[in-house]
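Read the structure below first, then the notes.
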Amino acid sequence: MNAEILAVGTEILLGDIVNTNAQFIAQGLAELGIGVYYQSVVGDNPERMKKAMHIAFDRADVIITTGGLGPTEDDLTKEIGAEYFGRKLVLDQKALDRIETYFEKMKRPMTENNKKQAMIPEGAIPLYNDNGTAPGIIIENENKILIMMPGPPREMKPMFTEQVKPYLVSKQEYTLVSKILRIAGVGESAMETKVKDLIDSQTNPTVAPYAKVVDAVLRITAKGKNEEEAEKIIEPVADEIRSRFGISVYAEGETTMQETVAKMLIDRNKTIAVAESCTGGLVASQLIEYPGVSKVLIEGAVTYSNDAKMRRLGVRAETLEKFGAVSAETAAEMAEGIAKTAGSDIGLSTTGVAGPGPSAGKPEGLVYVGVYINGKTCVKELHLAGGRSLIRERAAYSALDFLRRKLILD
């Protein structure tokens with residue numbers, strides 16, 4: 001089975017909104033083992049929509065559309081879909097009741113054109129919308145399937161996850177299960193080289209590398225009669241990958257680096273304080289995203305100037321004068337200084353040149369991360385790329401990864 005994603009909306013073509021729906025759907029289809037070879041965008045024009053649908057069905061078994069299910073005259077996806085399959089629109093009373101209830105809860109009057117959203121192609125499967133007014137629709141016709149969903153992501157995403165994916169699974173003769181291993185500190189090319197033999201010899205399961213902004217992932221996907229069988233097929237390969245990458249594998253699934261580190265600190269009952277220069281509070285902010293981190297995170301200090309480094313952290317003037325603010329020596333004193341002044345078990349520091357351009361003779365992207373733990377201070381030198389914002393993001397991520405490794409090894 002293969003699918004095509006067709007986004008409907010002139011606002012997407014004009015660049016007024018970004019089509020994040022296609023990314024979300026494509027990822028979900030990949031998890032189900034459904035190939036996506038084309039993605040299209042068409043404006044709110046009936047003739048062009050008809051043409052786009054005909055083209056898509058010539059090359060795909062399933063079309064998944066987003067957008068064009070609203071109450072206005074230019075919302076025509078449902079009408080074009082019904083016409084394609086020769087179906088007339090009929091009132092779905094349950095859909096209408098839900099729309100009326102939605103407006104009652106919002107304490108807003110329901111206009112007459114909203115009833116248009118309750119019209120469903122005859123014989124279609126309605127996908128009732130718990131987060132808006134427009135129901136989604138599935139039309140089956142022989143070996144072709146049209147799945148229409150609303151455009152707003154807050155409506156589309158739960159509808160796809162809770163209704164469309166189970167429907168598509170029921171159409172499959174097998175179950176596909178994926179396991180994602182998240183890998184830190186290893187570039188995409190180096191990661192692929194380490195598992196090239198697994199990729200080259202893959203049949204079931206398959207191994208696919210993906211590069212993210214700050215880390216890399218390996219997705220292992222297996223096909224089985226059921227979920228349990230697929231998971232058994234995956235596990236030996238996952239174990240082999242873990243053995244090859246060691247502690248560079250920091251998590252499974254959608255877990256982030258900050259979640260991983262925050263949980264480690266809580267589990268170990270280790271308190272932490274953070275002193276940041278180039279990252280400007282990003283490290284502390286990311287740790288704060290984890291619920292319950294208040295048990296271990298004492299404070300974060302953005303010590304951007306040399307004066308702040310000396311006054312708040314006790315960095316020595318002679319260190320700054322001799323080595324500069326961006327140096328291993330300064331990072332070490334920052335980490336120890338924040339730990340001792342905050343009374344924490346661990347001190348974590350960042351100092352570097354985020355750019356644009358070099359500073360005080362130091363190149364853009366040069367960053368030092370310091371960790372004070374168990375009475376010892378360690379520093380790591382980083383050379384990062386990507387412009388100011390990305391350098392700062394990568395520096396914060398690398399600082400947390402450096403701390404994670406120290407927590408494991410010390």
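All residue names refer to the structure tokens as shown: chains lettered A, B, ... in order, residues numbered from 1 in each chain, ligands numbered from 1 in order.
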
| message | Report as a VMD selection string all protein, DNA and RNA residues lying within 9 Å of Arg312 in chain A, evaluated on only C-alpha atoms, omitting residues in the same chain fewer than 5 positions from it. | response | chain A and resid 301 303 307 337 to 338 341

| message | I need the residues of range 169-384 of chain A that end up classed as helix (DSSP H, G or I) by DSSP on the backbone, written out as a PyMOL selection string. | response | chain A and resi 169-170+188-194+196-200+227-248+257-268+282-288+293-295+306-313+317-323+328-342

| Residue neighbourhood Ala208 in chain A, 10 Å, only C-alpha atoms, exclusion window fewer than 6 positions, as a ChimeraX atom specification | /A:180,192,195-196,198-199,202,217-221

| task | Fewer than 4 positions away in the same chain doesn't count, so skip those; otherwise give me all residues within 7 Å of range 113-123 of chain A, counting only C-alpha atoms, as a list in words. | result | Leu69, Gly70, Pro71, Thr72, Ala82, Arg87, Lys88, Leu89, Val90, Leu91, Asp92, Ala95, Leu96 and Ala134 of chain A

Take the residues that were just selected and, keeping all heavy atoms, output them as a tab-separated table (two decimals), in the first residue's frame.
chain	number	residue	atom	x	y	z
A	69	LEU	N	-12.34	21.48	4.61
A	69	LEU	CA	-13.57	20.87	5.14
A	69	LEU	C	-14.39	21.86	5.97
A	69	LEU	O	-15.30	21.46	6.69
A	69	LEU	CB	-13.21	19.66	6.02
A	69	LEU	CG	-12.48	18.50	5.33
A	69	LEU	CD1	-12.23	17.37	6.33
A	69	LEU	CD2	-13.28	17.97	4.15
A	70	GLY	N	-14.06	23.13	5.87
A	70	GLY	CA	-14.74	24.15	6.67
A	70	GLY	C	-16.11	24.52	6.13
A	70	GLY	O	-16.61	23.91	5.18
A	71	PRO	N	-16.72	25.57	6.72
A	71	PRO	CA	-18.10	25.92	6.38
A	71	PRO	C	-18.24	26.90	5.22
A	71	PRO	O	-19.35	27.16	4.77
A	71	PRO	CB	-18.60	26.56	7.68
A	71	PRO	CG	-17.38	27.21	8.26
A	71	PRO	CD	-16.22	26.31	7.90
A	72	THR	N	-17.13	27.45	4.74
A	72	THR	CA	-17.23	28.51	3.73
A	72	THR	C	-17.30	27.93	2.32
A	72	THR	O	-17.03	26.76	2.08
A	72	THR	CB	-16.04	29.48	3.84
A	72	THR	OG1	-14.82	28.76	3.64
A	72	THR	CG2	-16.00	30.11	5.23
A	82	ALA	N	-16.40	13.60	-3.15
A	82	ALA	CA	-17.68	12.92	-3.42
A	82	ALA	C	-17.92	12.82	-4.93
A	82	ALA	O	-18.37	11.78	-5.43
A	82	ALA	CB	-18.82	13.68	-2.75
A	87	ARG	N	-20.48	10.00	-5.50
A	87	ARG	CA	-21.35	9.90	-4.32
A	87	ARG	C	-22.09	11.23	-4.10
A	87	ARG	O	-21.52	12.32	-4.31
A	87	ARG	CB	-20.52	9.61	-3.06
A	87	ARG	CG	-19.55	8.43	-3.16
A	87	ARG	CD	-20.24	7.10	-3.05
A	87	ARG	NE	-19.28	6.01	-3.09
A	87	ARG	CZ	-18.72	5.45	-2.03
A	87	ARG	NH1	-19.02	5.89	-0.80
A	87	ARG	NH2	-17.86	4.45	-2.17
A	88	LYS	N	-23.33	11.14	-3.65
A	88	LYS	CA	-24.03	12.37	-3.26
A	88	LYS	C	-23.82	12.63	-1.78
A	88	LYS	O	-23.52	11.70	-1.01
A	88	LYS	CB	-25.51	12.26	-3.60
A	88	LYS	CG	-26.27	11.20	-2.82
A	88	LYS	CD	-27.74	11.19	-3.22
A	88	LYS	CE	-28.51	10.15	-2.41
A	88	LYS	NZ	-29.94	10.13	-2.76
A	89	LEU	N	-23.97	13.89	-1.38
A	89	LEU	CA	-23.80	14.27	0.02
A	89	LEU	C	-25.12	14.11	0.76
A	89	LEU	O	-26.17	14.53	0.28
A	89	LEU	CB	-23.30	15.71	0.12
A	89	LEU	CG	-21.91	15.99	-0.45
A	89	LEU	CD1	-21.61	17.48	-0.45
A	89	LEU	CD2	-20.85	15.24	0.35
A	90	VAL	N	-25.05	13.50	1.94
A	90	VAL	CA	-26.24	13.31	2.78
A	90	VAL	C	-25.93	13.83	4.19
A	90	VAL	O	-24.77	13.86	4.62
A	90	VAL	CB	-26.65	11.82	2.84
A	90	VAL	CG1	-27.08	11.34	1.46
A	90	VAL	CG2	-25.51	10.96	3.37
A	91	LEU	N	-26.96	14.21	4.90
A	91	LEU	CA	-26.78	14.75	6.25
A	91	LEU	C	-26.43	13.63	7.23
A	91	LEU	O	-27.10	12.60	7.27
A	91	LEU	CB	-28.05	15.45	6.71
A	91	LEU	CG	-28.01	16.03	8.14
A	91	LEU	CD1	-27.05	17.20	8.22
A	91	LEU	CD2	-29.41	16.44	8.61
A	92	ASP	N	-25.39	13.84	7.99
A	92	ASP	CA	-25.03	12.93	9.09
A	92	ASP	C	-25.53	13.60	10.38
A	92	ASP	O	-24.94	14.58	10.84
A	92	ASP	CB	-23.52	12.72	9.14
A	92	ASP	CG	-23.11	11.68	10.17
A	92	ASP	OD1	-23.41	11.90	11.36
A	92	ASP	OD2	-22.48	10.67	9.81
A	95	ALA	N	-23.09	14.05	13.25
A	95	ALA	CA	-22.13	15.13	13.01
A	95	ALA	C	-22.77	16.48	13.29
A	95	ALA	O	-22.15	17.36	13.92
A	95	ALA	CB	-21.61	15.07	11.58
A	96	LEU	N	-24.02	16.65	12.86
A	96	LEU	CA	-24.71	17.92	13.10
A	96	LEU	C	-24.93	18.14	14.60
A	96	LEU	O	-24.72	19.25	15.10
A	96	LEU	CB	-26.06	17.92	12.37
A	96	LEU	CG	-26.90	19.20	12.53
A	96	LEU	CD1	-26.15	20.41	12.01
A	96	LEU	CD2	-28.24	19.05	11.80
A	134	ALA	N	-15.44	20.36	12.02
A	134	ALA	CA	-15.46	19.59	10.78
A	134	ALA	C	-15.10	18.13	11.02
A	134	ALA	O	-13.99	17.83	11.47
A	134	ALA	CB	-14.49	20.20	9.77

Report as a Markdown table: every residue of range 220-331 of chain A with an atom at most 10 Å from range 375-394 of chain A, its closest pair of atoms, and their distance in Å to one decimal, counting only C-alpha atoms, with rows sorted by chain and ascending residue number.
| residue | atom | partner | partner_atom | distance |
| --- | --- | --- | --- | --- |
| A:Ser277 | CA | A:Arg392 | CA | 9.9 |
| A:Cys278 | CA | A:Arg392 | CA | 6.6 |
| A:Thr279 | CA | A:Arg392 | CA | 5.1 |
| A:Gly280 | CA | A:Arg392 | CA | 8.1 |
| A:Gly281 | CA | A:Arg392 | CA | 9.9 |
| A:Leu282 | CA | A:Glu393 | CA | 7.4 |
| A:Val283 | CA | A:Glu393 | CA | 8.8 |
| A:Ser327 | CA | A:Glu381 | CA | 8.6 |
| A:Ala328 | CA | A:Val379 | CA | 6.1 |
| A:Glu329 | CA | A:Val379 | CA | 8.3 |
| A:Thr330 | CA | A:Val379 | CA | 9.7 |
| A:Ala331 | CA | A:Val379 | CA | 6.9 |

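The coordinates place CA of Gly185 in chain A at 24.8 Å from CA of Ala325 in chain A.
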
| task | Please provide the set of residues having any atom within 12 Å of range 128-132 of chain A, restricted to only C-alpha atoms, with same-chain residues fewer than 2 positions apart removed, written as a PyMOL selection string. | result | chain A and resi 69-71+92-103+105-106+114+117-118+120+125-126+134-138+148-160+162-164

Could those residues be written to a file, using C-alpha atoms, as a short mmCIF file (atom, residue, chain, number, x, y, z; two decimals), in the first residue's frame?
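Writing the result to out.cif gives the following:
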data_model
loop_
_atom_site.label_atom_id
_atom_site.label_comp_id
_atom_site.auth_asym_id
_atom_site.auth_seq_id
_atom_site.Cartn_x
_atom_site.Cartn_y
_atom_site.Cartn_z
CA LEU A 69 -13.57 20.87 5.14
CA GLY A 70 -14.74 24.15 6.67
CA PRO A 71 -18.10 25.92 6.38
CA ASP A 92 -25.03 12.93 9.09
CA GLN A 93 -27.25 13.72 12.08
CA LYS A 94 -24.60 12.74 14.62
CA ALA A 95 -22.13 15.13 13.01
CA LEU A 96 -24.71 17.92 13.10
CA ASP A 97 -25.53 17.22 16.76
CA ARG A 98 -21.85 17.38 17.65
CA ILE A 99 -21.41 20.66 15.77
CA GLU A 100 -24.39 22.18 17.57
CA THR A 101 -23.05 20.99 20.93
CA TYR A 102 -19.64 22.48 20.11
CA PHE A 103 -21.15 25.92 19.51
CA LYS A 105 -20.16 24.93 24.76
CA MET A 106 -18.36 27.86 23.13
CA ASN A 114 -21.86 25.35 9.57
CA GLN A 117 -19.84 20.45 7.58
CA ALA A 118 -22.35 17.77 8.63
CA ILE A 120 -21.11 13.40 4.36
CA ILE A 125 -17.04 6.58 7.12
CA PRO A 126 -17.24 9.72 9.29
CA ALA A 134 -15.46 19.59 10.78
CA PRO A 135 -15.63 15.78 10.80
CA GLY A 136 -13.08 13.87 8.78
CA ILE A 137 -14.24 11.44 6.13
CA ILE A 138 -13.07 8.13 4.65
CA MET A 148 -10.05 13.68 4.31
CA MET A 149 -9.11 15.50 7.51
CA PRO A 150 -9.43 19.09 8.71
CA GLY A 151 -6.49 21.44 8.25
CA PRO A 152 -5.83 22.87 11.73
CA PRO A 153 -3.08 20.71 13.30
CA ARG A 154 -4.80 20.68 16.70
CA GLU A 155 -7.74 18.93 15.01
CA MET A 156 -5.86 16.87 12.43
CA LYS A 157 -3.19 15.33 14.65
CA PRO A 158 -5.47 13.62 17.20
CA MET A 159 -7.83 12.53 14.42
CA PHE A 160 -4.96 10.93 12.52
CA GLU A 162 -6.71 8.05 17.18
CA GLN A 163 -8.83 7.19 14.12
CA VAL A 164 -6.92 7.15 10.84
#

| task | For Asn226 in chain A, work out the shell of residues within 10 Å, counting only C-alpha atoms and skipping chain neighbours fewer than 3 positions away, then give it as a PyMOL selection string. | result | chain A and resi 173-177+223+229-231

Any idea what's packed within 12 Å of Leu168 in chain A, counting only C-alpha atoms, ignoring anything in its chain fewer than 2 positions away? Could you give it as an mmCIF file with N, CA and C atoms, in the first residue's frame?
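Resulting contents of part14.cif:
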data_model
loop_
_atom_site.group_PDB
_atom_site.id
_atom_site.type_symbol
_atom_site.label_atom_id
_atom_site.label_comp_id
_atom_site.auth_asym_id
_atom_site.auth_seq_id
_atom_site.Cartn_x
_atom_site.Cartn_y
_atom_site.Cartn_z
ATOM 1 N N MET A 1 0.848 -1.187 0.000
ATOM 2 C CA MET A 1 0.000 0.000 0.000
ATOM 3 C C MET A 1 0.892 1.249 0.000
ATOM 4 N N ASN A 2 0.566 2.196 -0.879
ATOM 5 C CA ASN A 2 1.278 3.471 -0.859
ATOM 6 C C ASN A 2 0.282 4.614 -0.827
ATOM 7 N N ALA A 3 0.713 5.737 -0.299
ATOM 8 C CA ALA A 3 -0.193 6.869 -0.081
ATOM 9 C C ALA A 3 0.410 8.147 -0.628
ATOM 10 N N GLY A 28 3.850 9.363 10.482
ATOM 11 C CA GLY A 28 2.908 8.346 10.940
ATOM 12 C C GLY A 28 2.752 7.215 9.938
ATOM 13 N N LEU A 29 2.742 7.547 8.655
ATOM 14 C CA LEU A 29 2.616 6.514 7.627
ATOM 15 C C LEU A 29 3.872 5.648 7.564
ATOM 16 N N ALA A 30 5.029 6.277 7.758
ATOM 17 C CA ALA A 30 6.279 5.515 7.766
ATOM 18 C C ALA A 30 6.281 4.482 8.881
ATOM 19 N N GLU A 31 5.727 4.857 10.025
ATOM 20 C CA GLU A 31 5.644 3.925 11.148
ATOM 21 C C GLU A 31 4.768 2.714 10.808
ATOM 22 N N LEU A 32 3.815 2.910 9.906
ATOM 23 C CA LEU A 32 2.918 1.824 9.509
ATOM 24 C C LEU A 32 3.444 1.048 8.314
ATOM 25 N N GLY A 33 4.581 1.477 7.775
ATOM 26 C CA GLY A 33 5.135 0.810 6.610
ATOM 27 C C GLY A 33 4.423 1.159 5.320
ATOM 28 N N ILE A 34 3.729 2.283 5.305
ATOM 29 C CA ILE A 34 3.020 2.737 4.107
ATOM 30 C C ILE A 34 3.919 3.741 3.385
ATOM 31 N N ASP A 61 -2.533 4.326 -3.796
ATOM 32 C CA ASP A 61 -3.720 3.580 -3.359
ATOM 33 C C ASP A 61 -4.572 4.415 -2.412
ATOM 34 N N VAL A 62 -3.899 5.255 -1.643
ATOM 35 C CA VAL A 62 -4.571 6.054 -0.616
ATOM 36 C C VAL A 62 -4.185 7.516 -0.803
ATOM 37 N N ILE A 63 -5.174 8.393 -0.778
ATOM 38 C CA ILE A 63 -4.908 9.831 -0.723
ATOM 39 C C ILE A 63 -5.357 10.321 0.649
ATOM 40 N N ILE A 64 -4.489 11.054 1.297
ATOM 41 C CA ILE A 64 -4.846 11.683 2.571
ATOM 42 C C ILE A 64 -4.798 13.190 2.367
ATOM 43 N N ILE A 138 -13.761 9.168 5.418
ATOM 44 C CA ILE A 138 -13.072 8.133 4.653
ATOM 45 C C ILE A 138 -14.032 7.587 3.603
ATOM 46 N N GLU A 140 -14.219 4.670 0.694
ATOM 47 C CA GLU A 140 -13.604 3.472 0.128
ATOM 48 C C GLU A 140 -14.289 3.154 -1.193
ATOM 49 N N ILE A 145 -8.705 4.471 -1.649
ATOM 50 C CA ILE A 145 -9.207 5.023 -0.390
ATOM 51 C C ILE A 145 -8.885 6.513 -0.346
ATOM 52 N N LEU A 146 -9.881 7.314 -0.025
ATOM 53 C CA LEU A 146 -9.686 8.750 0.167
ATOM 54 C C LEU A 146 -9.962 9.086 1.629
ATOM 55 N N ILE A 147 -8.978 9.636 2.297
ATOM 56 C CA ILE A 147 -9.117 10.025 3.703
ATOM 57 C C ILE A 147 -8.987 11.540 3.773
ATOM 58 N N PHE A 160 -5.832 11.879 13.211
ATOM 59 C CA PHE A 160 -4.964 10.929 12.515
ATOM 60 C C PHE A 160 -4.484 9.836 13.462
ATOM 61 N N THR A 161 -4.047 10.229 14.646
ATOM 62 C CA THR A 161 -3.484 9.272 15.601
ATOM 63 C C THR A 161 -4.538 8.313 16.134
ATOM 64 N N GLU A 162 -5.702 8.842 16.488
ATOM 65 C CA GLU A 162 -6.708 8.045 17.179
ATOM 66 C C GLU A 162 -7.675 7.315 16.243
ATOM 67 N N GLN A 163 -7.835 7.802 15.007
ATOM 68 C CA GLN A 163 -8.827 7.188 14.120
ATOM 69 C C GLN A 163 -8.249 6.696 12.787
ATOM 70 N N VAL A 164 -7.423 7.528 12.155
ATOM 71 C CA VAL A 164 -6.918 7.148 10.837
ATOM 72 C C VAL A 164 -5.891 6.022 10.938
ATOM 73 N N LYS A 165 -4.938 6.141 11.855
ATOM 74 C CA LYS A 165 -3.919 5.094 11.965
ATOM 75 C C LYS A 165 -4.523 3.724 12.283
ATOM 76 N N PRO A 166 -5.437 3.615 13.270
ATOM 77 C CA PRO A 166 -6.058 2.298 13.500
ATOM 78 C C PRO A 166 -6.804 1.778 12.269
ATOM 79 N N SER A 170 -5.860 -1.728 10.191
ATOM 80 C CA SER A 170 -6.834 -2.792 9.898
ATOM 81 C C SER A 170 -6.800 -3.219 8.433
ATOM 82 N N LYS A 171 -6.234 -2.386 7.572
ATOM 83 C CA LYS A 171 -6.133 -2.705 6.149
ATOM 84 C C LYS A 171 -4.851 -3.445 5.810
ATOM 85 N N GLN A 172 -3.943 -3.525 6.786
ATOM 86 C CA GLN A 172 -2.676 -4.191 6.559
ATOM 87 C C GLN A 172 -2.778 -5.685 6.901
ATOM 88 N N GLU A 173 -2.026 -6.501 6.198
ATOM 89 C CA GLU A 173 -2.024 -7.940 6.466
ATOM 90 C C GLU A 173 -1.041 -8.299 7.572
ATOM 91 N N TYR A 174 -0.254 -7.335 7.996
ATOM 92 C CA TYR A 174 0.769 -7.568 9.010
ATOM 93 C C TYR A 174 0.861 -6.348 9.909
ATOM 94 N N THR A 175 1.620 -6.495 10.984
ATOM 95 C CA THR A 175 1.833 -5.388 11.916
ATOM 96 C C THR A 175 3.264 -4.889 11.776
ATOM 97 N N LEU A 176 3.406 -3.583 11.724
ATOM 98 C CA LEU A 176 4.727 -2.972 11.694
ATOM 99 C C LEU A 176 4.992 -2.290 13.026
#

Counting only C-alpha atoms, give me one row per residue of range 71-103 of chain A with an atom at most 10 Å from an atom of range 7-20 of chain A, showing the shortest contact pair and its distance in Å to one decimal, sorted by chain then residue number, as a tab-separated table.
residue	atom	partner	partner_atom	distance
A:Asp74	CA	A:Gly9	CA	9.3
A:Asp75	CA	A:Gly9	CA	8.8
A:Leu76	CA	A:Val8	CA	9.1
A:Thr77	CA	A:Val8	CA	7.5

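The spacing separating CA of Gly365 in chain A from CA of Val353 in chain A amounts to 5.5 Å.
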